[in-house]
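Undergrad: Below is entry20.cif; it holds mmCIF, N, CA and C atoms.
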```
data_input
#
loop_
_atom_site.label_atom_id
_atom_site.label_comp_id
_atom_site.auth_asym_id
_atom_site.auth_seq_id
_atom_site.Cartn_x
_atom_site.Cartn_y
_atom_site.Cartn_z
N MET A 458 -126.77 86.24 -53.62
CA MET A 458 -125.45 85.67 -53.77
C MET A 458 -124.54 86.73 -54.36
N ALA A 459 -123.31 86.81 -53.83
CA ALA A 459 -122.34 87.80 -54.28
C ALA A 459 -121.80 87.42 -55.65
N LEU A 460 -121.48 88.43 -56.43
CA LEU A 460 -120.92 88.24 -57.76
C LEU A 460 -119.53 88.83 -57.77
N ILE A 461 -118.52 88.01 -58.10
CA ILE A 461 -117.15 88.50 -58.17
C ILE A 461 -117.00 89.23 -59.50
N ILE A 462 -116.66 90.52 -59.44
CA ILE A 462 -116.50 91.34 -60.64
C ILE A 462 -115.07 91.23 -61.16
N GLN A 463 -114.12 91.17 -60.26
CA GLN A 463 -112.72 91.06 -60.63
C GLN A 463 -112.04 90.16 -59.62
N LYS A 464 -111.22 89.21 -60.07
CA LYS A 464 -110.53 88.31 -59.16
C LYS A 464 -109.05 88.35 -59.49
N GLN A 465 -108.28 88.96 -58.59
CA GLN A 465 -106.84 89.06 -58.80
C GLN A 465 -106.05 88.31 -57.74
N PHE A 466 -106.71 87.71 -56.76
CA PHE A 466 -106.02 86.86 -55.80
C PHE A 466 -106.99 85.84 -55.26
N SER A 467 -106.45 84.77 -54.76
CA SER A 467 -107.25 83.78 -54.03
C SER A 467 -106.32 83.09 -53.05
N LEU A 468 -106.91 82.45 -52.07
CA LEU A 468 -106.15 81.71 -51.07
C LEU A 468 -106.48 80.24 -51.18
N ASN A 469 -105.50 79.41 -50.92
CA ASN A 469 -105.70 77.97 -50.90
C ASN A 469 -105.68 77.50 -49.45
N TYR A 470 -106.65 76.68 -49.09
CA TYR A 470 -106.77 76.16 -47.74
C TYR A 470 -106.68 74.64 -47.80
N GLU A 471 -105.91 74.05 -46.88
CA GLU A 471 -105.85 72.61 -46.74
C GLU A 471 -106.61 72.25 -45.46
N VAL A 472 -107.64 71.43 -45.60
CA VAL A 472 -108.46 71.02 -44.47
C VAL A 472 -108.25 69.53 -44.25
N THR A 473 -107.92 69.15 -43.01
CA THR A 473 -107.63 67.75 -42.71
C THR A 473 -108.56 67.15 -41.66
N GLY A 474 -109.62 67.85 -41.34
CA GLY A 474 -110.58 67.34 -40.36
C GLY A 474 -111.74 68.30 -40.25
N GLY A 475 -112.74 67.91 -39.48
CA GLY A 475 -113.91 68.74 -39.29
C GLY A 475 -115.17 67.96 -39.60
N PHE A 476 -116.26 68.69 -39.80
CA PHE A 476 -117.53 68.07 -40.15
C PHE A 476 -118.35 69.04 -40.98
N CYS A 477 -119.34 68.51 -41.68
CA CYS A 477 -120.20 69.32 -42.54
C CYS A 477 -121.53 69.62 -41.86
N ARG A 478 -122.02 70.82 -42.10
CA ARG A 478 -123.34 71.24 -41.64
C ARG A 478 -124.06 71.84 -42.83
N ILE A 479 -125.31 71.43 -43.05
CA ILE A 479 -126.09 71.91 -44.19
C ILE A 479 -127.06 73.00 -43.72
N THR A 480 -127.16 74.06 -44.51
CA THR A 480 -128.17 75.09 -44.28
C THR A 480 -129.05 75.14 -45.52
N LYS A 481 -130.36 74.92 -45.32
CA LYS A 481 -131.30 75.03 -46.44
C LYS A 481 -131.72 76.48 -46.60
N ALA A 482 -132.04 76.87 -47.83
CA ALA A 482 -132.45 78.25 -48.12
C ALA A 482 -133.63 78.65 -47.25
N GLY A 483 -133.68 79.93 -46.92
CA GLY A 483 -134.76 80.43 -46.10
C GLY A 483 -134.67 81.93 -45.92
N THR A 484 -135.39 82.42 -44.94
CA THR A 484 -135.36 83.84 -44.60
C THR A 484 -135.25 83.98 -43.08
N MET A 485 -134.71 85.11 -42.67
CA MET A 485 -134.64 85.42 -41.25
C MET A 485 -134.73 86.94 -41.10
N VAL A 486 -135.04 87.37 -39.91
CA VAL A 486 -135.09 88.80 -39.63
C VAL A 486 -133.84 89.16 -38.83
N ALA A 487 -133.06 90.11 -39.35
CA ALA A 487 -131.86 90.59 -38.68
C ALA A 487 -131.87 92.10 -38.67
N ASP A 488 -131.75 92.68 -37.51
CA ASP A 488 -131.78 94.14 -37.35
C ASP A 488 -133.04 94.74 -37.98
N GLY A 489 -134.17 94.05 -37.83
CA GLY A 489 -135.45 94.54 -38.32
C GLY A 489 -135.66 94.38 -39.82
N GLN A 490 -134.72 93.75 -40.52
CA GLN A 490 -134.85 93.56 -41.96
C GLN A 490 -134.90 92.07 -42.29
N THR A 491 -135.71 91.72 -43.26
CA THR A 491 -135.79 90.34 -43.71
C THR A 491 -134.62 90.05 -44.64
N VAL A 492 -133.92 88.98 -44.33
CA VAL A 492 -132.74 88.58 -45.10
C VAL A 492 -133.01 87.21 -45.70
N ASN A 493 -132.82 87.08 -47.02
CA ASN A 493 -132.92 85.79 -47.70
C ASN A 493 -131.53 85.18 -47.78
N TYR A 494 -131.45 83.88 -47.59
CA TYR A 494 -130.16 83.20 -47.73
C TYR A 494 -130.38 81.91 -48.50
N GLY A 495 -129.31 81.44 -49.16
CA GLY A 495 -129.41 80.28 -50.03
C GLY A 495 -128.94 79.00 -49.35
N ASN A 496 -129.01 77.92 -50.10
CA ASN A 496 -128.54 76.62 -49.64
C ASN A 496 -127.01 76.65 -49.56
N SER A 497 -126.48 75.98 -48.55
CA SER A 497 -125.03 75.91 -48.44
C SER A 497 -124.60 74.74 -47.57
N VAL A 498 -123.33 74.41 -47.71
CA VAL A 498 -122.67 73.45 -46.83
C VAL A 498 -121.56 74.23 -46.13
N ARG A 499 -121.48 74.05 -44.83
CA ARG A 499 -120.36 74.63 -44.08
C ARG A 499 -119.51 73.50 -43.55
N VAL A 500 -118.22 73.58 -43.84
CA VAL A 500 -117.27 72.65 -43.26
C VAL A 500 -116.69 73.35 -42.04
N VAL A 501 -116.99 72.82 -40.87
CA VAL A 501 -116.59 73.43 -39.60
C VAL A 501 -115.27 72.80 -39.17
N THR A 502 -114.24 73.64 -39.00
CA THR A 502 -112.91 73.15 -38.64
C THR A 502 -112.43 73.86 -37.38
N THR A 503 -111.56 73.20 -36.64
CA THR A 503 -111.03 73.75 -35.40
C THR A 503 -109.54 73.49 -35.28
N ASN A 504 -108.80 74.52 -34.90
CA ASN A 504 -107.40 74.38 -34.49
C ASN A 504 -107.35 74.69 -33.01
N ILE A 505 -106.63 73.88 -32.24
CA ILE A 505 -106.45 74.14 -30.82
C ILE A 505 -104.98 74.41 -30.59
N ILE A 506 -104.70 75.55 -29.98
CA ILE A 506 -103.33 76.01 -29.79
C ILE A 506 -103.04 76.06 -28.30
N GLU A 507 -101.95 75.41 -27.91
CA GLU A 507 -101.55 75.45 -26.50
C GLU A 507 -100.52 76.53 -26.32
N GLY A 508 -100.76 77.39 -25.34
CA GLY A 508 -99.86 78.49 -25.06
C GLY A 508 -98.89 78.17 -23.94
N ASP A 509 -98.34 79.20 -23.38
CA ASP A 509 -97.37 79.06 -22.29
C ASP A 509 -98.05 78.61 -21.00
N ILE A 510 -97.26 78.03 -20.13
CA ILE A 510 -97.76 77.60 -18.82
C ILE A 510 -97.83 78.82 -17.91
N ASP A 511 -98.98 79.02 -17.31
CA ASP A 511 -99.18 80.12 -16.36
C ASP A 511 -98.42 79.78 -15.08
N PRO A 512 -97.52 80.64 -14.65
CA PRO A 512 -96.71 80.32 -13.46
C PRO A 512 -97.54 80.23 -12.18
N ASP A 513 -98.68 80.91 -12.13
CA ASP A 513 -99.51 80.87 -10.92
C ASP A 513 -100.32 79.59 -10.82
N THR A 514 -100.80 79.08 -11.95
CA THR A 514 -101.66 77.89 -11.93
C THR A 514 -100.93 76.62 -12.35
N GLY A 515 -99.83 76.78 -13.09
CA GLY A 515 -99.11 75.60 -13.59
C GLY A 515 -99.80 74.94 -14.76
N VAL A 516 -100.78 75.62 -15.35
CA VAL A 516 -101.57 75.06 -16.45
C VAL A 516 -101.31 75.87 -17.72
N ALA A 517 -101.16 75.17 -18.82
CA ALA A 517 -100.98 75.84 -20.11
C ALA A 517 -102.31 76.42 -20.57
N SER A 518 -102.26 77.61 -21.13
CA SER A 518 -103.47 78.20 -21.68
C SER A 518 -103.72 77.59 -23.07
N THR A 519 -104.96 77.42 -23.41
CA THR A 519 -105.29 76.91 -24.74
C THR A 519 -106.24 77.88 -25.42
N LYS A 520 -106.12 77.91 -26.72
CA LYS A 520 -106.96 78.78 -27.53
C LYS A 520 -107.54 77.94 -28.65
N GLN A 521 -108.80 78.17 -28.94
CA GLN A 521 -109.49 77.44 -30.00
C GLN A 521 -109.80 78.40 -31.14
N GLU A 522 -109.37 78.04 -32.34
CA GLU A 522 -109.69 78.82 -33.54
C GLU A 522 -110.66 77.99 -34.37
N ILE A 523 -111.82 78.55 -34.69
CA ILE A 523 -112.82 77.85 -35.50
C ILE A 523 -113.00 78.63 -36.80
N LEU A 524 -112.91 77.92 -37.92
CA LEU A 524 -113.11 78.53 -39.23
C LEU A 524 -114.12 77.69 -39.99
N ASN A 525 -115.17 78.34 -40.49
CA ASN A 525 -116.19 77.68 -41.29
C ASN A 525 -115.94 77.97 -42.77
N PHE A 526 -115.86 76.90 -43.56
CA PHE A 526 -115.73 77.02 -45.01
C PHE A 526 -117.12 76.86 -45.60
N LYS A 527 -117.61 77.87 -46.31
CA LYS A 527 -118.98 77.87 -46.83
C LYS A 527 -118.96 77.60 -48.33
N ILE A 528 -119.69 76.56 -48.74
CA ILE A 528 -119.85 76.20 -50.15
C ILE A 528 -121.29 76.50 -50.53
N LEU A 529 -121.49 77.42 -51.46
CA LEU A 529 -122.84 77.77 -51.91
C LEU A 529 -123.39 76.67 -52.81
N CYS A 530 -124.68 76.36 -52.67
CA CYS A 530 -125.32 75.27 -53.41
C CYS A 530 -126.62 75.77 -54.04
N GLN A 531 -126.99 75.16 -55.15
CA GLN A 531 -128.24 75.53 -55.82
C GLN A 531 -129.46 74.93 -55.12
N THR A 532 -129.34 73.69 -54.65
CA THR A 532 -130.48 72.98 -54.07
C THR A 532 -130.07 72.28 -52.77
N PRO A 533 -131.04 71.93 -51.92
CA PRO A 533 -130.70 71.15 -50.73
C PRO A 533 -130.13 69.77 -51.10
N GLN A 534 -130.58 69.22 -52.21
CA GLN A 534 -130.07 67.92 -52.65
C GLN A 534 -128.58 68.01 -53.00
N GLU A 535 -128.20 69.10 -53.67
CA GLU A 535 -126.78 69.30 -53.98
C GLU A 535 -125.98 69.43 -52.68
N ALA A 536 -126.51 70.16 -51.72
CA ALA A 536 -125.84 70.31 -50.42
C ALA A 536 -125.66 68.94 -49.76
N GLY A 537 -126.68 68.11 -49.82
CA GLY A 537 -126.60 66.77 -49.25
C GLY A 537 -125.54 65.92 -49.93
N GLN A 538 -125.47 66.01 -51.25
CA GLN A 538 -124.45 65.25 -52.00
C GLN A 538 -123.04 65.70 -51.62
N ILE A 539 -122.86 67.01 -51.48
CA ILE A 539 -121.54 67.53 -51.11
C ILE A 539 -121.16 67.06 -49.71
N ALA A 540 -122.09 67.19 -48.77
CA ALA A 540 -121.81 66.76 -47.39
C ALA A 540 -121.51 65.27 -47.34
N ASN A 541 -122.27 64.46 -48.07
CA ASN A 541 -122.03 63.02 -48.10
C ASN A 541 -120.70 62.66 -48.74
N THR A 542 -120.20 63.51 -49.62
CA THR A 542 -118.89 63.28 -50.24
C THR A 542 -117.76 63.70 -49.31
N LEU A 543 -117.93 64.86 -48.65
CA LEU A 543 -116.83 65.40 -47.84
C LEU A 543 -116.70 64.76 -46.45
N ASN A 544 -117.82 64.41 -45.81
CA ASN A 544 -117.75 63.88 -44.44
C ASN A 544 -116.84 62.67 -44.28
N PRO A 545 -116.91 61.65 -45.17
CA PRO A 545 -116.00 60.51 -45.01
C PRO A 545 -114.52 60.90 -45.16
N LEU A 546 -114.23 61.85 -46.05
CA LEU A 546 -112.84 62.30 -46.21
C LEU A 546 -112.37 63.03 -44.96
N LEU A 547 -113.24 63.86 -44.39
CA LEU A 547 -112.89 64.58 -43.16
C LEU A 547 -112.69 63.60 -42.00
N ALA A 548 -113.53 62.58 -41.92
CA ALA A 548 -113.42 61.60 -40.83
C ALA A 548 -112.10 60.83 -40.92
N LYS A 549 -111.61 60.61 -42.14
CA LYS A 549 -110.34 59.89 -42.33
C LYS A 549 -109.14 60.83 -42.31
N HIS A 550 -109.39 62.11 -42.12
CA HIS A 550 -108.34 63.15 -42.10
C HIS A 550 -107.57 63.20 -43.41
N GLU A 551 -108.27 62.93 -44.50
CA GLU A 551 -107.66 63.08 -45.83
C GLU A 551 -107.71 64.56 -46.21
N PRO A 552 -106.62 65.11 -46.71
CA PRO A 552 -106.61 66.54 -47.05
C PRO A 552 -107.63 66.88 -48.14
N ILE A 553 -108.33 67.98 -47.93
CA ILE A 553 -109.24 68.54 -48.94
C ILE A 553 -108.74 69.96 -49.18
N TYR A 554 -108.62 70.34 -50.44
CA TYR A 554 -108.05 71.65 -50.79
C TYR A 554 -109.16 72.57 -51.30
N PHE A 555 -109.37 73.66 -50.58
CA PHE A 555 -110.37 74.65 -50.96
C PHE A 555 -109.68 75.88 -51.51
N ASN A 556 -110.36 76.58 -52.41
CA ASN A 556 -109.89 77.84 -52.96
C ASN A 556 -110.92 78.89 -52.62
N GLY A 557 -110.49 80.01 -52.04
CA GLY A 557 -111.44 81.04 -51.66
C GLY A 557 -110.76 82.36 -51.38
N GLY A 558 -111.46 83.24 -50.70
CA GLY A 558 -110.95 84.56 -50.38
C GLY A 558 -110.54 84.66 -48.93
N LEU A 559 -110.59 85.88 -48.42
CA LEU A 559 -110.23 86.12 -47.03
C LEU A 559 -111.39 85.77 -46.10
N PRO A 560 -111.11 85.21 -44.94
CA PRO A 560 -112.17 84.95 -43.97
C PRO A 560 -112.75 86.26 -43.44
N SER A 561 -114.01 86.22 -43.04
CA SER A 561 -114.64 87.40 -42.44
C SER A 561 -115.39 86.98 -41.18
N ARG A 562 -115.50 87.92 -40.24
CA ARG A 562 -116.23 87.67 -38.99
C ARG A 562 -117.68 88.06 -39.20
N LYS A 563 -118.59 87.13 -38.87
CA LYS A 563 -120.02 87.39 -38.98
C LYS A 563 -120.51 88.07 -37.71
N LYS A 564 -121.73 88.57 -37.75
CA LYS A 564 -122.30 89.27 -36.58
C LYS A 564 -122.37 88.38 -35.35
N ASP A 565 -122.52 87.06 -35.54
CA ASP A 565 -122.60 86.16 -34.38
C ASP A 565 -121.22 85.82 -33.81
N GLY A 566 -120.15 86.38 -34.42
CA GLY A 566 -118.80 86.16 -33.92
C GLY A 566 -118.06 85.04 -34.62
N SER A 567 -118.75 84.22 -35.39
CA SER A 567 -118.07 83.14 -36.10
C SER A 567 -117.26 83.70 -37.26
N ILE A 568 -116.28 82.92 -37.70
CA ILE A 568 -115.43 83.33 -38.81
C ILE A 568 -115.69 82.38 -39.97
N GLU A 569 -115.89 82.97 -41.15
CA GLU A 569 -116.33 82.18 -42.30
C GLU A 569 -115.61 82.65 -43.56
N VAL A 570 -115.37 81.72 -44.45
CA VAL A 570 -114.82 82.05 -45.76
C VAL A 570 -115.63 81.29 -46.81
N VAL A 571 -116.05 81.98 -47.85
CA VAL A 571 -116.78 81.34 -48.94
C VAL A 571 -115.74 80.73 -49.88
N VAL A 572 -115.91 79.45 -50.18
CA VAL A 572 -114.95 78.73 -51.02
C VAL A 572 -115.66 78.05 -52.17
N GLU A 573 -114.88 77.68 -53.16
CA GLU A 573 -115.40 76.90 -54.28
C GLU A 573 -115.43 75.43 -53.87
N MET A 574 -116.31 74.67 -54.49
CA MET A 574 -116.33 73.23 -54.25
C MET A 574 -115.00 72.66 -54.71
N PRO A 575 -114.30 71.91 -53.85
CA PRO A 575 -112.98 71.39 -54.24
C PRO A 575 -113.09 70.29 -55.29
N LYS A 576 -112.06 70.22 -56.12
CA LYS A 576 -111.93 69.06 -57.01
C LYS A 576 -111.30 67.96 -56.17
N LEU A 577 -111.88 66.81 -56.15
CA LEU A 577 -111.46 65.78 -55.21
C LEU A 577 -110.59 64.71 -55.84
N THR A 578 -109.80 65.09 -56.82
CA THR A 578 -108.85 64.15 -57.39
C THR A 578 -107.45 64.56 -56.97
N LYS A 579 -106.53 63.62 -56.89
CA LYS A 579 -105.17 63.91 -56.46
C LYS A 579 -104.48 64.89 -57.41
N ALA A 580 -104.86 64.89 -58.68
CA ALA A 580 -104.24 65.77 -59.67
C ALA A 580 -104.66 67.21 -59.47
N SER A 581 -105.71 67.48 -58.69
CA SER A 581 -106.23 68.85 -58.56
C SER A 581 -105.54 69.64 -57.47
N LYS A 582 -104.62 69.06 -56.72
CA LYS A 582 -103.95 69.76 -55.63
C LYS A 582 -103.19 70.87 -56.21
#
```
Let me see the file written as structure tokens.

TA:
Amino acid sequence: MALIIQKQFSLNYEVTGGFCRITKAGTMVADGQTVNYGNSVRVVTTNIIEGDIDPDTGVASTKQEILNFKILCQTPQEAGQIANTLNPLLAKHEPIYFNGGLPSRKKDGSIEVVVEMPKLTKASK
């Protein structure tokens, strides 16, 4: 797990939909090296953007942006509790406010940002 040595900026994200995916701690082999990873919840979100209409086809181009918000967890049980708390809010499109850093592209092409567990009270916005 990464350790923040100095924090002089952060970004706030408002999420109004998506779903949670849990990853339990484990190991995998990547580029011939064994990599250990911890428990986490990923909130998978999508924005769909409609572009201009192509004059040849008469159809608007669309682009899909997917951003995964990763919440680090100590145990699989904690991950389950977080997912069970966030999924109903996401299904109702209630805003959830995350605080984190800049998104980064992973080797598999997905884009992810590590965020803190949000405070889920209206006063925490």

Undergrad: Could you tell me how far atom C of Asn496 of chain A lies from atom CA of Lys481 of chain A, in Å and to one decimal?

TA: 5.5 Å

Undergrad: Quick one, how far is atom CA of Ile505 of chain A from atom CA of Asp565 of chain A?

TA: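 Separating atom CA of Ile505 of chain A from atom CA of Asp565 of chain A is a distance of 20.4 Å.
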
Undergrad: Decode the PyMOL selection byres ((chain A and resi 544-551) around 6.5) for the given file into explicit residues and return them as a ChimeraX atom specification.

TA: /A:472-477,539-543,552-553

Undergrad: Could you tell me how far atom CA of Lys564 of chain A sits from atom CA of Val500 of chain A, in Å to one decimal place?

TA: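 Atom-to-atom, atom CA of Val500 of chain A and atom CA of Lys564 of chain A are spaced 18.6 Å apart.
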
Undergrad: Which of these, A:Leu559, A:Gln521, A:Pro533, A:Val486, has the shortest distance to Glu507 of chain A once you count all atoms listed in the file?

TA: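 For Glu507 of chain A, the nearest of the candidates is A:Gln521.
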
Undergrad: With distances taken over only C-alpha atoms, which of A:Leu468, A:Ile479, A:Val492, A:Thr503 is nearest to Glu522 of chain A?

TA: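 Looking only at the distances to Glu522 of chain A, the closest residue turns out to be A:Thr503.
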
Undergrad: Which residues, named as in the file, does the PyMOL selection byres ((chain A and resi 498) around 6) pick out? Answer as a ChimeraX atom specification.

TA: /A:478-480,496-497,499-500,526-530,536

Undergrad: Restricting the calculation to only C-alpha atoms: of A:Asn469, A:Ala517, A:Pro512, A:Gly495, which residue gets closest to Glu573 of chain A?

TA: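 For Glu573 of chain A, the nearest of the candidates is A:Asn469.
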
Undergrad: Going by DSSP on the backbone, which residues of segment 497-531 of chain A come out as strand (DSSP E or B)? List them as a PyMOL selection string.

TA: chain A and resi 497-510+517-530

Undergrad: Give me every helix (DSSP H, G or I) residue in segment 461-572 of chain A, going by DSSP on the backbone, as JSON, numbers by chain.

TA: {"A": [533, 534, 535, 536, 537, 538, 539, 540, 541, 542, 543, 544, 545, 546, 547, 548]}

Undergrad: Go ahead and save the residues from that selection, with N, CA and C atoms, as a JSON list (two decimals), in the coordinates of the input.

TA:
```
[["chain", "number", "residue", "atom", "x", "y", "z"],
["A", 533, "PRO", "N", -131.04, 71.93, -51.92],
["A", 533, "PRO", "CA", -130.70, 71.15, -50.73],
["A", 533, "PRO", "C", -130.13, 69.77, -51.10],
["A", 534, "GLN", "N", -130.58, 69.22, -52.21],
["A", 534, "GLN", "CA", -130.07, 67.92, -52.65],
["A", 534, "GLN", "C", -128.58, 68.01, -53.00],
["A", 535, "GLU", "N", -128.20, 69.10, -53.67],
["A", 535, "GLU", "CA", -126.78, 69.30, -53.98],
["A", 535, "GLU", "C", -125.98, 69.43, -52.68],
["A", 536, "ALA", "N", -126.51, 70.16, -51.72],
["A", 536, "ALA", "CA", -125.84, 70.31, -50.42],
["A", 536, "ALA", "C", -125.66, 68.94, -49.76],
["A", 537, "GLY", "N", -126.68, 68.11, -49.82],
["A", 537, "GLY", "CA", -126.60, 66.77, -49.25],
["A", 537, "GLY", "C", -125.54, 65.92, -49.93],
["A", 538, "GLN", "N", -125.47, 66.01, -51.25],
["A", 538, "GLN", "CA", -124.45, 65.25, -52.00],
["A", 538, "GLN", "C", -123.04, 65.70, -51.62],
["A", 539, "ILE", "N", -122.86, 67.01, -51.48],
["A", 539, "ILE", "CA", -121.54, 67.53, -51.11],
["A", 539, "ILE", "C", -121.16, 67.06, -49.71],
["A", 540, "ALA", "N", -122.09, 67.19, -48.77],
["A", 540, "ALA", "CA", -121.81, 66.76, -47.39],
["A", 540, "ALA", "C", -121.51, 65.27, -47.34],
["A", 541, "ASN", "N", -122.27, 64.46, -48.07],
["A", 541, "ASN", "CA", -122.03, 63.02, -48.10],
["A", 541, "ASN", "C", -120.70, 62.66, -48.74],
["A", 542, "THR", "N", -120.20, 63.51, -49.62],
["A", 542, "THR", "CA", -118.89, 63.28, -50.24],
["A", 542, "THR", "C", -117.76, 63.70, -49.31],
["A", 543, "LEU", "N", -117.93, 64.86, -48.65],
["A", 543, "LEU", "CA", -116.83, 65.40, -47.84],
["A", 543, "LEU", "C", -116.70, 64.76, -46.45],
["A", 544, "ASN", "N", -117.82, 64.41, -45.81],
["A", 544, "ASN", "CA", -117.75, 63.88, -44.44],
["A", 544, "ASN", "C", -116.84, 62.67, -44.28],
["A", 545, "PRO", "N", -116.91, 61.65, -45.17],
["A", 545, "PRO", "CA", -116.00, 60.51, -45.01],
["A", 545, "PRO", "C", -114.52, 60.90, -45.16],
["A", 546, "LEU", "N", -114.23, 61.85, -46.05],
["A", 546, "LEU", "CA", -112.84, 62.30, -46.21],
["A", 546, "LEU", "C", -112.37, 63.03, -44.96],
["A", 547, "LEU", "N", -113.24, 63.86, -44.39],
["A", 547, "LEU", "CA", -112.89, 64.58, -43.16],
["A", 547, "LEU", "C", -112.69, 63.60, -42.00],
["A", 548, "ALA", "N", -113.53, 62.58, -41.92],
["A", 548, "ALA", "CA", -113.42, 61.60, -40.83],
["A", 548, "ALA", "C", -112.10, 60.83, -40.92]]
```

Undergrad: The PyMOL selection byres ((chain A and resi 574) around 7) on the file shown: which residues, as a list in words?

TA: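 That expression, the PyMOL selection byres ((chain A and resi 574) around 7), corresponds here to Ile528, Leu529, Tyr554, Phe555, Asn556, Val572, Glu573, Pro575, Lys576 and Leu577 of chain A.
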
Undergrad: Please write out, as JSON, where the centre of an axis-aligned box around all listed atoms of segment 510-520 of chain A lies and how long its edges are, in Å to one decimal, after adding 8 Å on each side.

TA:
```
{"center_x": -102.1, "center_y": 77.9, "center_z": -19.7, "size_x": 26.8, "size_y": 22.0, "size_z": 33.8}
```
